[in-house]
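Listing of query08.cif; format and content: mmCIF, C-alpha atoms and all ligand atoms.
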data_run
loop_
_atom_site.label_atom_id
_atom_site.label_comp_id
_atom_site.auth_asym_id
_atom_site.auth_seq_id
_atom_site.Cartn_x
_atom_site.Cartn_y
_atom_site.Cartn_z
CA MET A 1 0.00 0.00 0.00
CA THR A 2 1.48 3.39 -0.92
CA SER A 3 1.25 6.02 1.80
CA ILE A 4 -0.63 9.23 1.05
CA ALA A 5 1.04 12.52 2.11
CA THR A 6 -1.23 14.19 4.66
CA ALA A 7 -0.75 17.62 6.22
CA ASP A 8 0.87 16.09 9.27
CA GLN A 9 3.03 13.55 7.43
CA PRO A 10 6.62 14.50 8.35
CA ALA A 11 8.74 15.66 5.44
CA ILE A 12 11.39 13.05 6.20
CA LEU A 13 8.75 10.39 5.46
CA GLY A 14 7.61 12.06 2.26
CA GLY A 15 5.25 14.79 3.53
CA ASN A 16 5.40 18.51 2.81
CA ARG A 17 7.80 20.81 4.63
CA ALA A 18 6.39 22.70 7.60
CA VAL A 19 8.72 25.68 7.14
CA THR A 20 8.02 27.40 3.85
CA LEU A 21 8.83 31.01 4.78
CA ASP A 22 12.25 32.34 3.90
CA GLY A 23 14.21 32.63 7.16
CA LYS A 24 16.97 34.85 5.80
CA ASP A 25 15.58 38.17 7.01
CA ALA A 26 14.47 36.65 10.32
CA GLN A 27 18.07 35.77 11.06
CA ARG A 28 19.74 38.92 9.78
CA TRP A 29 22.63 39.74 12.08
CA PRO A 30 24.30 42.03 12.79
CA ILE A 31 21.68 44.72 12.22
CA ILE A 32 23.54 47.56 10.50
CA THR A 33 21.70 50.82 9.89
CA ASP A 34 22.62 54.33 8.71
CA GLU A 35 23.53 55.08 12.32
CA ASP A 36 26.43 52.58 12.17
CA VAL A 37 27.49 53.86 8.76
CA ALA A 38 27.49 57.48 9.95
CA ALA A 39 29.51 56.61 13.06
CA VAL A 40 32.13 54.72 11.05
CA THR A 41 32.28 57.43 8.40
CA GLU A 42 32.92 60.10 11.00
CA VAL A 43 35.92 58.21 12.37
CA LEU A 44 37.19 57.43 8.87
CA ARG A 45 36.97 61.08 7.83
CA SER A 46 38.87 62.15 10.95
CA GLY A 47 41.91 60.34 9.61
CA GLU A 48 42.77 59.10 13.11
CA LEU A 49 42.40 55.37 12.70
CA SER A 50 44.51 54.16 15.61
CA LEU A 51 44.02 56.39 18.66
CA HIS A 52 40.71 58.12 18.08
CA PRO A 53 38.94 59.16 21.34
CA ILE A 54 35.93 57.07 20.34
CA THR A 55 37.59 54.06 21.96
CA GLN A 56 37.56 55.81 25.34
CA GLU A 57 33.98 56.90 24.71
CA LEU A 58 33.04 53.26 24.19
CA GLU A 59 34.77 52.35 27.45
CA ALA A 60 32.75 55.06 29.21
CA ASP A 61 29.58 53.61 27.68
CA TYR A 62 30.40 50.18 29.12
CA ARG A 63 31.21 51.68 32.53
CA ASP A 64 27.82 53.42 32.55
CA PHE A 65 25.95 50.42 31.21
CA LEU A 66 27.31 48.04 33.86
CA GLY A 67 28.00 50.51 36.64
CA VAL A 68 31.64 49.42 36.91
CA ARG A 69 34.78 51.38 37.75
CA HIS A 70 36.98 50.42 34.79
CA ALA A 71 36.51 49.27 31.20
CA LEU A 72 39.26 48.63 28.67
CA ALA A 73 38.72 47.98 24.96
CA TYR A 74 40.55 45.14 23.21
CA ALA A 75 41.12 43.94 19.69
CA ASN A 76 39.04 40.89 20.66
CA ALA A 77 37.84 39.10 23.77
CA THR A 78 40.60 36.50 23.52
CA SER A 79 43.23 39.16 24.20
CA GLY A 80 41.08 40.64 26.98
CA ILE A 81 40.80 37.22 28.64
CA PHE A 82 44.56 36.81 28.44
CA ALA A 83 45.10 40.25 29.99
CA ALA A 84 42.64 39.54 32.81
CA LEU A 85 44.20 36.18 33.64
CA ASN A 86 47.69 37.64 33.41
CA SER A 87 46.71 40.32 35.90
CA PHE A 88 45.80 37.58 38.41
CA GLY A 89 49.54 36.95 38.84
CA LEU A 90 49.39 33.24 37.95
CA LYS A 91 52.63 31.30 38.48
CA PRO A 92 54.00 28.32 36.50
CA GLY A 93 51.89 25.25 37.16
CA ASP A 94 49.10 27.10 38.99
CA GLU A 95 45.67 25.61 38.34
CA VAL A 96 42.68 27.44 36.90
CA ILE A 97 39.21 25.86 37.05
CA VAL A 98 37.43 26.03 33.68
CA PRO A 99 34.52 24.43 31.83
CA SER A 100 35.21 22.05 28.96
CA ALA A 101 31.99 22.90 27.09
CA THR A 102 32.91 26.37 25.88
CA TYR A 103 34.72 28.15 23.09
CA TRP A 104 38.50 27.60 23.26
CA ALA A 105 39.21 31.27 24.07
CA SER A 106 37.72 30.85 27.55
CA VAL A 107 40.53 28.43 28.35
CA MET A 108 43.58 28.62 26.09
CA PRO A 109 44.90 31.96 27.44
CA VAL A 110 45.41 30.14 30.77
CA LEU A 111 48.32 28.34 29.11
CA TRP A 112 49.90 31.60 27.94
CA CYS A 113 50.01 32.62 31.61
CA GLY A 114 52.04 29.47 32.36
CA ALA A 115 49.13 27.97 34.29
CA VAL A 116 47.12 24.83 33.56
CA PRO A 117 43.36 24.40 33.15
CA VAL A 118 41.46 21.98 35.36
CA PHE A 119 38.29 21.01 33.57
CA CYS A 120 35.06 20.68 35.53
CA GLU A 121 31.65 19.31 34.72
CA THR A 122 28.92 21.49 33.26
CA GLU A 123 25.73 21.45 35.34
CA PRO A 124 22.59 20.62 33.40
CA ASP A 125 20.29 23.51 34.46
CA GLN A 126 22.18 26.61 33.36
CA LEU A 127 25.04 24.97 31.48
CA GLY A 128 27.68 26.67 33.61
CA LEU A 129 30.43 25.25 35.84
CA ASP A 130 29.02 22.70 38.29
CA PRO A 131 29.77 24.19 41.74
CA ASP A 132 30.02 20.75 43.39
CA ASP A 133 32.53 19.50 40.85
CA VAL A 134 34.47 22.75 41.16
CA ALA A 135 34.68 22.29 44.94
CA ALA A 136 35.81 18.70 44.46
CA LYS A 137 38.63 19.69 42.12
CA ILE A 138 40.23 22.39 44.26
CA THR A 139 43.85 21.60 45.17
CA PRO A 140 46.55 23.62 46.93
CA LYS A 141 47.58 24.86 43.45
CA THR A 142 44.15 26.26 42.46
CA ARG A 143 44.26 30.03 42.02
CA ALA A 144 41.34 31.06 39.83
CA MET A 145 38.24 30.02 37.93
CA VAL A 146 36.79 31.08 34.59
CA VAL A 147 32.99 31.26 34.73
CA VAL A 148 31.35 31.28 31.29
CA HIS A 149 27.76 32.46 30.95
CA LEU A 150 27.26 30.10 28.07
CA TRP A 151 24.86 30.96 25.26
CA GLY A 152 23.60 33.96 27.32
CA MET A 153 22.51 32.02 30.43
CA PRO A 154 24.09 33.26 33.68
CA SER A 155 25.98 30.58 35.63
CA LYS A 156 25.15 29.64 39.25
CA MET A 157 26.92 32.64 40.72
CA ASP A 158 25.90 32.30 44.38
CA GLU A 159 27.36 28.83 44.64
CA LEU A 160 30.44 29.52 42.49
CA LEU A 161 31.32 32.72 44.34
CA ALA A 162 30.96 30.87 47.66
CA VAL A 163 33.54 28.28 46.52
CA ALA A 164 35.82 31.06 45.26
CA LYS A 165 35.58 32.92 48.53
CA LYS A 166 36.22 29.84 50.63
CA HIS A 167 39.41 29.01 48.70
CA ASP A 168 40.52 32.56 47.97
CA LEU A 169 40.27 32.15 44.19
CA LYS A 170 40.17 34.92 41.60
CA VAL A 171 37.10 34.83 39.36
CA LEU A 172 37.08 35.78 35.70
CA GLU A 173 33.67 35.97 34.06
CA ASP A 174 33.72 35.20 30.36
CA ALA A 175 30.65 37.25 29.45
CA SER A 176 31.24 36.94 25.71
CA HIS A 177 27.71 35.58 25.21
CA SER A 178 25.81 37.44 27.89
CA HIS A 179 25.63 41.20 27.26
CA GLY A 180 22.59 42.40 29.21
CA ALA A 181 21.84 39.16 31.11
CA LYS A 182 21.17 39.53 34.83
CA TYR A 183 21.52 37.30 37.87
CA ARG A 184 19.49 38.39 40.90
CA GLY A 185 19.04 41.78 39.24
CA LYS A 186 22.76 42.36 38.62
CA PHE A 187 24.39 42.30 35.18
CA THR A 188 26.68 39.41 34.28
CA GLY A 189 30.17 40.84 34.12
CA THR A 190 29.84 42.54 37.51
CA PHE A 191 30.41 39.55 39.81
CA GLY A 192 34.02 38.51 39.24
CA ASP A 193 37.38 40.16 39.83
CA ALA A 194 37.26 40.88 36.11
CA ALA A 195 34.96 40.10 33.19
CA VAL A 196 35.36 40.14 29.43
CA PHE A 197 32.73 40.67 26.71
CA SER A 198 33.28 39.69 23.08
CA LEU A 199 32.17 42.08 20.33
CA GLN A 200 32.83 39.63 17.48
CA THR A 201 30.27 39.82 14.66
CA ASN A 202 27.85 37.14 15.90
CA LYS A 203 27.70 38.48 19.44
CA LEU A 204 24.86 40.48 20.98
CA ALA A 205 26.61 43.87 20.76
CA PRO A 206 28.97 43.35 17.83
CA ALA A 207 31.76 45.49 16.46
CA GLY A 208 33.24 43.13 13.85
CA GLU A 209 36.11 42.34 16.18
CA GLY A 210 36.53 43.62 19.72
CA GLY A 211 36.47 42.82 23.41
CA ILE A 212 35.80 44.78 26.59
CA LEU A 213 37.47 44.00 29.91
CA VAL A 214 35.71 45.38 32.98
CA THR A 215 36.89 45.38 36.59
CA GLU A 216 36.52 47.21 39.88
CA SER A 217 40.19 46.63 40.63
CA ASP A 218 42.73 49.43 40.03
CA ASP A 219 45.53 46.83 40.03
CA ILE A 220 43.94 44.63 37.37
CA PHE A 221 43.20 47.71 35.27
CA GLU A 222 46.77 48.97 35.56
CA ASN A 223 48.26 45.58 34.74
CA ALA A 224 45.95 45.17 31.74
CA GLN A 225 46.94 48.57 30.39
CA CYS A 226 50.63 47.72 30.71
CA LEU A 227 50.08 44.41 28.91
CA GLY A 228 48.16 45.55 25.85
CA HIS A 229 47.86 49.35 25.79
CA PHE A 230 51.37 50.74 26.15
CA GLU A 231 50.26 54.21 24.97
CA ARG A 232 48.18 54.60 28.12
CA VAL A 233 50.96 53.76 30.54
CA LEU A 234 52.44 57.25 30.40
CA ALA A 235 49.19 58.61 31.84
CA LEU A 236 49.31 56.32 34.90
CA LYS A 237 49.89 58.09 38.19
CA THR A 238 51.43 55.04 39.84
CA PRO A 239 54.99 53.64 39.74
CA ALA A 240 53.93 51.49 36.75
CA ARG A 241 54.34 54.66 34.70
CA ARG A 242 58.03 53.75 34.40
CA PHE A 243 57.00 50.99 31.93
CA ALA A 244 55.70 53.55 29.40
CA GLY A 245 58.64 52.97 27.06
CA THR A 246 57.85 49.30 26.54
CA GLY A 247 54.60 48.27 28.18
CA PHE A 248 54.71 44.54 28.90
CA GLY A 249 55.39 43.72 25.26
CA LEU A 250 52.04 43.22 23.58
CA LYS A 251 49.64 45.51 21.75
CA HIS A 252 45.98 44.59 21.90
CA ARG A 253 44.00 47.81 21.49
CA MET A 254 40.72 47.99 19.63
CA ALA A 255 40.56 49.67 16.21
CA PRO A 256 38.50 52.89 16.48
CA LEU A 257 36.39 51.84 13.48
CA SER A 258 35.24 48.86 15.55
CA ALA A 259 34.64 51.15 18.52
CA ALA A 260 32.37 53.30 16.35
CA VAL A 261 30.20 50.31 15.48
CA ALA A 262 30.31 49.01 19.06
CA ARG A 263 28.93 52.28 20.49
CA VAL A 264 25.94 52.22 18.17
CA GLN A 265 25.29 48.53 18.76
CA LEU A 266 25.42 48.93 22.55
CA ARG A 267 22.80 51.66 22.32
CA HIS A 268 20.42 49.16 20.70
CA LEU A 269 21.35 46.16 22.83
CA ALA A 270 18.40 46.19 25.21
CA GLN A 271 15.79 46.54 22.51
CA ARG A 272 17.41 43.90 20.25
CA ASN A 273 17.82 41.48 23.16
CA ALA A 274 14.13 42.02 23.97
CA ARG A 275 13.13 41.06 20.44
CA ARG A 276 15.14 37.83 20.55
CA ASN A 277 13.77 37.04 24.00
CA GLU A 278 10.18 37.61 22.95
CA ASN A 279 10.56 35.40 19.87
CA ILE A 280 12.41 32.62 21.63
CA ARG A 281 10.09 32.60 24.64
CA TYR A 282 7.11 32.34 22.29
CA LEU A 283 8.56 29.32 20.53
CA SER A 284 10.03 27.78 23.70
CA GLN A 285 6.67 27.63 25.41
CA ARG A 286 5.40 25.40 22.60
CA LEU A 287 8.55 23.27 22.39
CA GLN A 288 8.73 22.67 26.16
CA LYS A 289 5.40 20.83 25.94
CA LEU A 290 6.84 18.45 23.36
CA GLY A 291 9.75 17.21 25.48
CA ILE A 292 12.36 19.72 24.41
CA ASN A 293 14.29 21.43 27.19
CA THR A 294 14.53 25.06 26.06
CA PHE A 295 16.47 26.30 29.12
CA LEU A 296 13.82 28.78 30.19
CA PRO A 297 15.50 30.51 33.13
CA PRO A 298 14.50 30.35 36.80
CA GLU A 299 12.92 33.49 38.25
CA HIS A 300 16.08 35.08 39.61
CA ILE A 301 17.65 35.08 36.16
CA GLU A 302 17.06 37.33 33.16
CA ARG A 303 18.79 35.46 30.40
CA VAL A 304 19.65 36.60 26.89
CA TYR A 305 20.07 34.52 23.76
CA PHE A 306 23.41 34.64 22.05
CA MET A 307 22.37 31.27 20.70
CA TYR A 308 19.17 29.29 21.00
CA ILE A 309 20.40 26.01 22.43
CA LEU A 310 17.97 23.21 23.12
CA GLU A 311 18.17 19.78 24.69
CA ASN A 312 16.45 16.73 23.32
CA VAL A 313 14.86 14.73 26.12
CA GLU A 314 14.81 11.39 24.31
CA SER A 315 12.50 9.74 26.81
CA ARG A 316 9.87 12.33 25.90
CA THR A 317 10.44 12.98 22.20
CA GLY A 318 11.03 9.32 21.35
CA LEU A 319 13.89 10.25 19.02
CA LYS A 320 17.65 10.30 19.29
CA THR A 321 19.07 13.79 18.85
CA ASP A 322 20.51 13.11 15.40
CA GLN A 323 17.18 11.62 14.24
CA LEU A 324 15.31 14.63 15.58
CA VAL A 325 17.69 17.11 13.95
CA LYS A 326 17.60 15.35 10.59
CA ALA A 327 13.80 15.24 10.60
CA LEU A 328 13.63 18.95 11.54
CA GLN A 329 16.05 19.79 8.74
CA ALA A 330 13.80 17.91 6.32
CA GLU A 331 10.95 20.14 7.52
CA GLY A 332 13.01 23.20 6.52
CA CYS A 333 14.21 24.13 10.01
CA GLU A 334 17.73 25.40 10.46
CA ALA A 335 18.53 22.91 13.21
CA ILE A 336 22.19 22.12 13.75
CA GLN A 337 23.71 19.50 16.00
CA PRO A 338 27.39 20.32 16.46
CA ARG A 339 28.13 22.47 19.48
CA TYR A 340 31.55 23.40 20.76
CA PRO A 341 33.91 20.39 20.71
CA LEU A 342 34.71 19.54 24.32
CA LEU A 343 38.06 21.08 25.15
CA HIS A 344 39.40 18.40 27.49
CA GLN A 345 39.27 15.96 24.55
CA GLN A 346 41.30 18.16 22.20
CA PRO A 347 44.78 16.97 21.12
CA VAL A 348 46.40 20.04 22.62
CA PHE A 349 45.54 18.49 26.00
CA SER A 350 45.38 14.75 25.32
CA GLU A 351 48.76 14.81 23.48
CA ASP A 352 50.47 17.02 26.08
CA LYS A 353 51.06 19.90 23.65
CA PHE A 354 49.82 22.19 26.45
CA ILE A 355 53.13 21.67 28.30
CA GLU A 356 55.03 23.30 25.43
CA ILE A 357 52.51 26.15 25.01
CA ALA A 358 52.58 26.93 28.73
CA ARG A 359 56.39 26.56 28.78
CA LEU A 360 56.23 24.04 31.58
CA GLY A 361 58.74 21.55 30.14
CA HIS A 362 61.02 22.11 33.13
CA MET A 363 58.39 20.80 35.56
CA PRO A 364 58.16 17.11 36.48
CA ARG A 365 55.44 15.49 34.35
CA GLU A 366 53.75 14.06 37.43
CA SER A 367 53.21 17.56 38.82
CA LEU A 368 51.04 18.48 35.80
CA PRO A 369 47.53 17.30 34.93
CA ILE A 370 46.79 14.32 32.73
CA TYR A 371 43.83 15.04 30.46
CA ARG A 372 41.72 11.97 29.77
CA PRO A 373 39.18 12.21 26.94
CA ASP A 374 36.79 10.01 28.94
CA ALA A 375 36.76 12.41 31.90
CA LEU A 376 33.62 14.53 32.50
CA PRO A 377 30.94 11.92 31.69
CA ILE A 378 28.06 14.27 32.57
CA THR A 379 29.29 17.03 30.27
CA THR A 380 29.99 14.56 27.48
CA ALA A 381 26.56 12.91 27.66
CA GLY A 382 24.80 16.29 28.01
CA ASN A 383 26.61 17.70 25.00
CA GLU A 384 25.27 14.86 22.83
CA ARG A 385 21.70 15.92 23.57
CA LEU A 386 22.14 19.56 22.56
CA PHE A 387 21.30 21.18 19.27
CA HIS A 388 20.54 24.70 18.20
CA LEU A 389 18.05 26.69 16.20
CA PRO A 390 18.45 30.24 14.88
CA SER A 391 18.07 32.88 17.58
CA PHE A 392 15.47 34.71 15.47
CA PRO A 393 16.70 38.28 16.01
CA CYS A 394 14.22 39.68 13.44
CA ALA A 395 11.62 36.92 13.07
CA GLU A 396 7.87 37.41 12.86
CA LYS A 397 5.44 35.06 14.57
CA ASP A 398 4.40 33.26 11.39
CA LEU A 399 7.88 31.80 10.95
CA LEU A 400 7.97 30.76 14.61
CA ASP A 401 4.59 29.07 14.19
CA GLN A 402 6.00 27.11 11.27
CA TYR A 403 8.97 26.00 13.40
CA ALA A 404 6.59 24.89 16.17
CA LEU A 405 4.53 22.97 13.64
CA ALA A 406 7.68 21.24 12.36
CA PHE A 407 8.46 20.00 15.88
CA GLU A 408 4.86 18.91 16.42
CA LYS A 409 4.86 16.93 13.17
CA VAL A 410 8.21 15.29 13.82
CA ILE A 411 7.62 14.39 17.45
CA GLY A 412 4.04 13.31 16.70
CA ALA A 413 5.44 10.80 14.23
CA ALA A 414 8.44 9.81 16.35
CA PRO A 415 7.81 6.03 16.38
CA ARG A 416 7.58 5.93 12.59
CA ILE A 417 10.63 8.16 12.11
CA ALA A 418 12.65 6.12 14.59
CA ALA A 419 11.60 2.88 12.90
CA ALA A 420 12.49 4.26 9.45
CA GLY A 421 15.95 5.20 10.73
CA ASP A 422 16.67 1.74 12.18
C1 LIG A 501 32.62 31.92 25.18
C2 LIG A 501 33.58 32.73 24.36
N1 LIG A 501 34.65 33.26 24.95
C3 LIG A 501 35.54 34.00 24.26
C4 LIG A 501 35.40 34.23 22.92
C5 LIG A 501 36.44 35.00 22.19
O1 LIG A 501 35.92 36.13 21.65
P1 LIG A 501 36.67 36.89 20.47
O2 LIG A 501 36.26 36.19 19.21
O3 LIG A 501 36.14 38.28 20.56
O4 LIG A 501 38.13 36.80 20.73
C6 LIG A 501 34.29 33.71 22.25
C7 LIG A 501 34.13 33.98 20.82
O5 LIG A 501 33.46 33.55 20.03
C8 LIG A 501 33.36 32.93 22.98
O6 LIG A 501 32.30 32.38 22.37
#
Please lay out the structure from this file as structure tokens.
Ligand SMILES: Cc1ncc(COP(=O)(O)O)c(C=O)c1O
Amino acid sequence: MTSIATADQPAILGGNRAVTLDGKDAQRWPIITDEDVAAVTEVLRSGELSLHPITQELEADYRDFLGVRHALAYANATSGIFAALNSFGLKPGDEVIVPSATYWASVMPVLWCGAVPVFCETEPDQLGLDPDDVAAKITPKTRAMVVVHLWGMPSKMDELLAVAKKHDLKVLEDASHSHGAKYRGKFTGTFGDAAVFSLQTNKLAPAGEGGILVTESDDIFENAQCLGHFERVLALKTPARRFAGTGFGLKHRMAPLSAAVARVQLRHLAQRNARRNENIRYLSQRLQKLGINTFLPPEHIERVYFMYILENVESRTGLKTDQLVKALQAEGCEAIQPRYPLLHQQPVFSEDKFIEIARLGHMPRESLPIYRPDALPITTAGNERLFHLPSFPCAEKDLLDQYALAFEKVIGAAPRIAAAGD
């Protein structure tokens, strides 16, 4: 008997696609308007393309936005993270607690400070460092932790800060994904000893390339200026002024053309975050009912959506994550399975290349960590269940309705789809 395509026949089994609207405009990012063009043009016409005051104006904007004492603009967040960690005074072989499920730039600068990362499990609610695993992995060599507010969801700050306080650890917040997110009414980026935001093109307040380091600490700010902004050292009123002739040997300042874009984008952050949130909340409420964990935040958290990450709860959807993603793609959804590759499994760690990068060859091998790819079973299993959809920065409801319909069709036909895939 040949099967007849009905409205709810999933596309992967020969039915029609649920998503017929063109999603290109719905996903347009960054949003560039005449305001950005005018700001860039003004800097261009000034002829001052290296040390234009707009960079300091951007820093002032970030200070006002977050209510922090210092902000310093970088060529990218990676260099800001390095400067922040360097200012913690890490010594060879010191240990820094980090997540494995993050972008490499949250972790790799640890090595350039001569320290070593200690990878901890990701907790399943907010996808941040698991405070219990962090506490379990503290040793006499632990000096700091890098907290990443992954995908725009604030980490469990109360618990993590309690561990940090108990063991006298420095805290760096990698807020690259979380511009505008709040934890108990306070912005991410204002909890740690220092925090860094990325302004790379995909991020929530983009500048093309750029990073912003923020801190309350005069010492961290001074050290960071010496490391990457030698031209500012002469203006210091502390003994560090004597380093003005050399800085600490690196130059990491932001290009003013990026600062021009960043100022405009920051002005629109709240309203553009609100649009993503409204769209994603609308769709999430429908997907939650179908057995998809959409990471809707608990009440004390105002999350933002750098990316729309979802978790397939197989016991409820009846499909393995790859089956679900393939069936959604057949419906016309932009569903993608790969997330960040777990860092503790990367050859730079499993093949001991980290020892060379961190210049720790003089230390006895047994005093340094051994990175086992099969460590972190919870993070590894959790990562397999994740996939992402577009974050719908400009979408209208009709497209979101089509996405919801695609999920309903696919999950409604789960037994048949699973059987077809066997
Ligand atoms: C979590 C995280 N940290 C740090 C970075 C580094 O940012 P940048 O590209 O500005 O160096 C990124 C960039 O994508 C990131 O996703």
For range 142-149 of chain A, find every residue with an atom within 6 Å (counting only C-alpha atoms), except residues of its own chain fewer than 4 positions away, and show them as an mmCIF file with C-alpha atoms, in the coordinates of the input.
data_model
loop_
_atom_site.group_PDB
_atom_site.id
_atom_site.type_symbol
_atom_site.label_atom_id
_atom_site.label_comp_id
_atom_site.auth_asym_id
_atom_site.auth_seq_id
_atom_site.Cartn_x
_atom_site.Cartn_y
_atom_site.Cartn_z
ATOM 1 C CA GLU A 95 45.670 25.610 38.340
ATOM 2 C CA VAL A 96 42.680 27.440 36.900
ATOM 3 C CA ILE A 97 39.210 25.860 37.050
ATOM 4 C CA VAL A 98 37.430 26.030 33.680
ATOM 5 C CA ILE A 138 40.230 22.390 44.260
ATOM 6 C CA MET A 153 22.510 32.020 30.430
ATOM 7 C CA PRO A 154 24.090 33.260 33.680
ATOM 8 C CA SER A 155 25.980 30.580 35.630
ATOM 9 C CA LEU A 169 40.270 32.150 44.190
ATOM 10 C CA LYS A 170 40.170 34.920 41.600
ATOM 11 C CA VAL A 171 37.100 34.830 39.360
ATOM 12 C CA LEU A 172 37.080 35.780 35.700
ATOM 13 C CA GLU A 173 33.670 35.970 34.060
ATOM 14 C CA ASP A 174 33.720 35.200 30.360
ATOM 15 C CA ALA A 175 30.650 37.250 29.450
#
Could you name the residues that touch range 351-363 of chain A at 12 Å or less, counting all atoms listed in the file, but leaving out those on the same chain fewer than 2 positions away, as JSON, numbers by chain? {"A": [90, 91, 92, 93, 94, 95, 107, 108, 109, 110, 111, 112, 113, 114, 115, 116, 117, 343, 344, 345, 346, 347, 348, 349, 365, 366, 367, 368, 369, 370, 371, 372, 373]}
Neighbouring residues of Gly332 in chain A were defined as those with any atom within 7 Å, considering all atoms listed in the file; residues of the same chain fewer than 3 positions away were excluded. Please report them as a tab-separated table (two decimals) with C-alpha atoms, in the frame of the given file.
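Once everything was written out, this is part-v4.tsv:
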chain	number	residue	atom	x	y	z
A	17	ARG	CA	7.80	20.81	4.63
A	18	ALA	CA	6.39	22.70	7.60
A	19	VAL	CA	8.72	25.68	7.14
A	328	LEU	CA	13.63	18.95	11.54
A	329	GLN	CA	16.05	19.79	8.74
List the spatial neighbours of range 378-387 of chain A as a list in words - criterion: any atom at most 7 Å away, only C-alpha atoms, same-chain residues fewer than 4 positions off excluded. Glu121, Thr122, Ile309, Leu310, Glu311, Asn312, Thr321, Ala335, Ile336, Gln337, Pro338 and Arg339 of chain A
Collect all residues with atoms no farther than 6 Å from ligand LIG 501 (chain A), counting only C-alpha atoms and all ligand atoms, and output them as JSON, numbers by chain. {"A": [76, 77, 78, 102, 103, 105, 106, 174, 176, 198, 199, 200, 209, 210, 211]}
Preceding selection exported with C-alpha atoms as a JSON list (two decimals), in the coordinates of the input:
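Result went into selection-v1.json, see below:
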[["chain", "number", "residue", "atom", "x", "y", "z"],
["A", 76, "ASN", "CA", 39.04, 40.89, 20.66],
["A", 77, "ALA", "CA", 37.84, 39.10, 23.77],
["A", 78, "THR", "CA", 40.60, 36.50, 23.52],
["A", 102, "THR", "CA", 32.91, 26.37, 25.88],
["A", 103, "TYR", "CA", 34.72, 28.15, 23.09],
["A", 105, "ALA", "CA", 39.21, 31.27, 24.07],
["A", 106, "SER", "CA", 37.72, 30.85, 27.55],
["A", 174, "ASP", "CA", 33.72, 35.20, 30.36],
["A", 176, "SER", "CA", 31.24, 36.94, 25.71],
["A", 198, "SER", "CA", 33.28, 39.69, 23.08],
["A", 199, "LEU", "CA", 32.17, 42.08, 20.33],
["A", 200, "GLN", "CA", 32.83, 39.63, 17.48],
["A", 209, "GLU", "CA", 36.11, 42.34, 16.18],
["A", 210, "GLY", "CA", 36.53, 43.62, 19.72],
["A", 211, "GLY", "CA", 36.47, 42.82, 23.41]]
Can you pull out every residue within 7 Å of Ser87 in chain A, counting all atoms listed in the file, but drop anything in the same chain fewer than 6 positions away, and send it as a ChimeraX atom specification? /A:220,223-224
I'd like to know which of A:His388, A:Arg316, A:Lys397, A:Lys165 is closest to Gly412 in chain A, using all atoms listed in the file.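 Checking each candidate against Gly412 in chain A, we get A:Arg316 as the closest.
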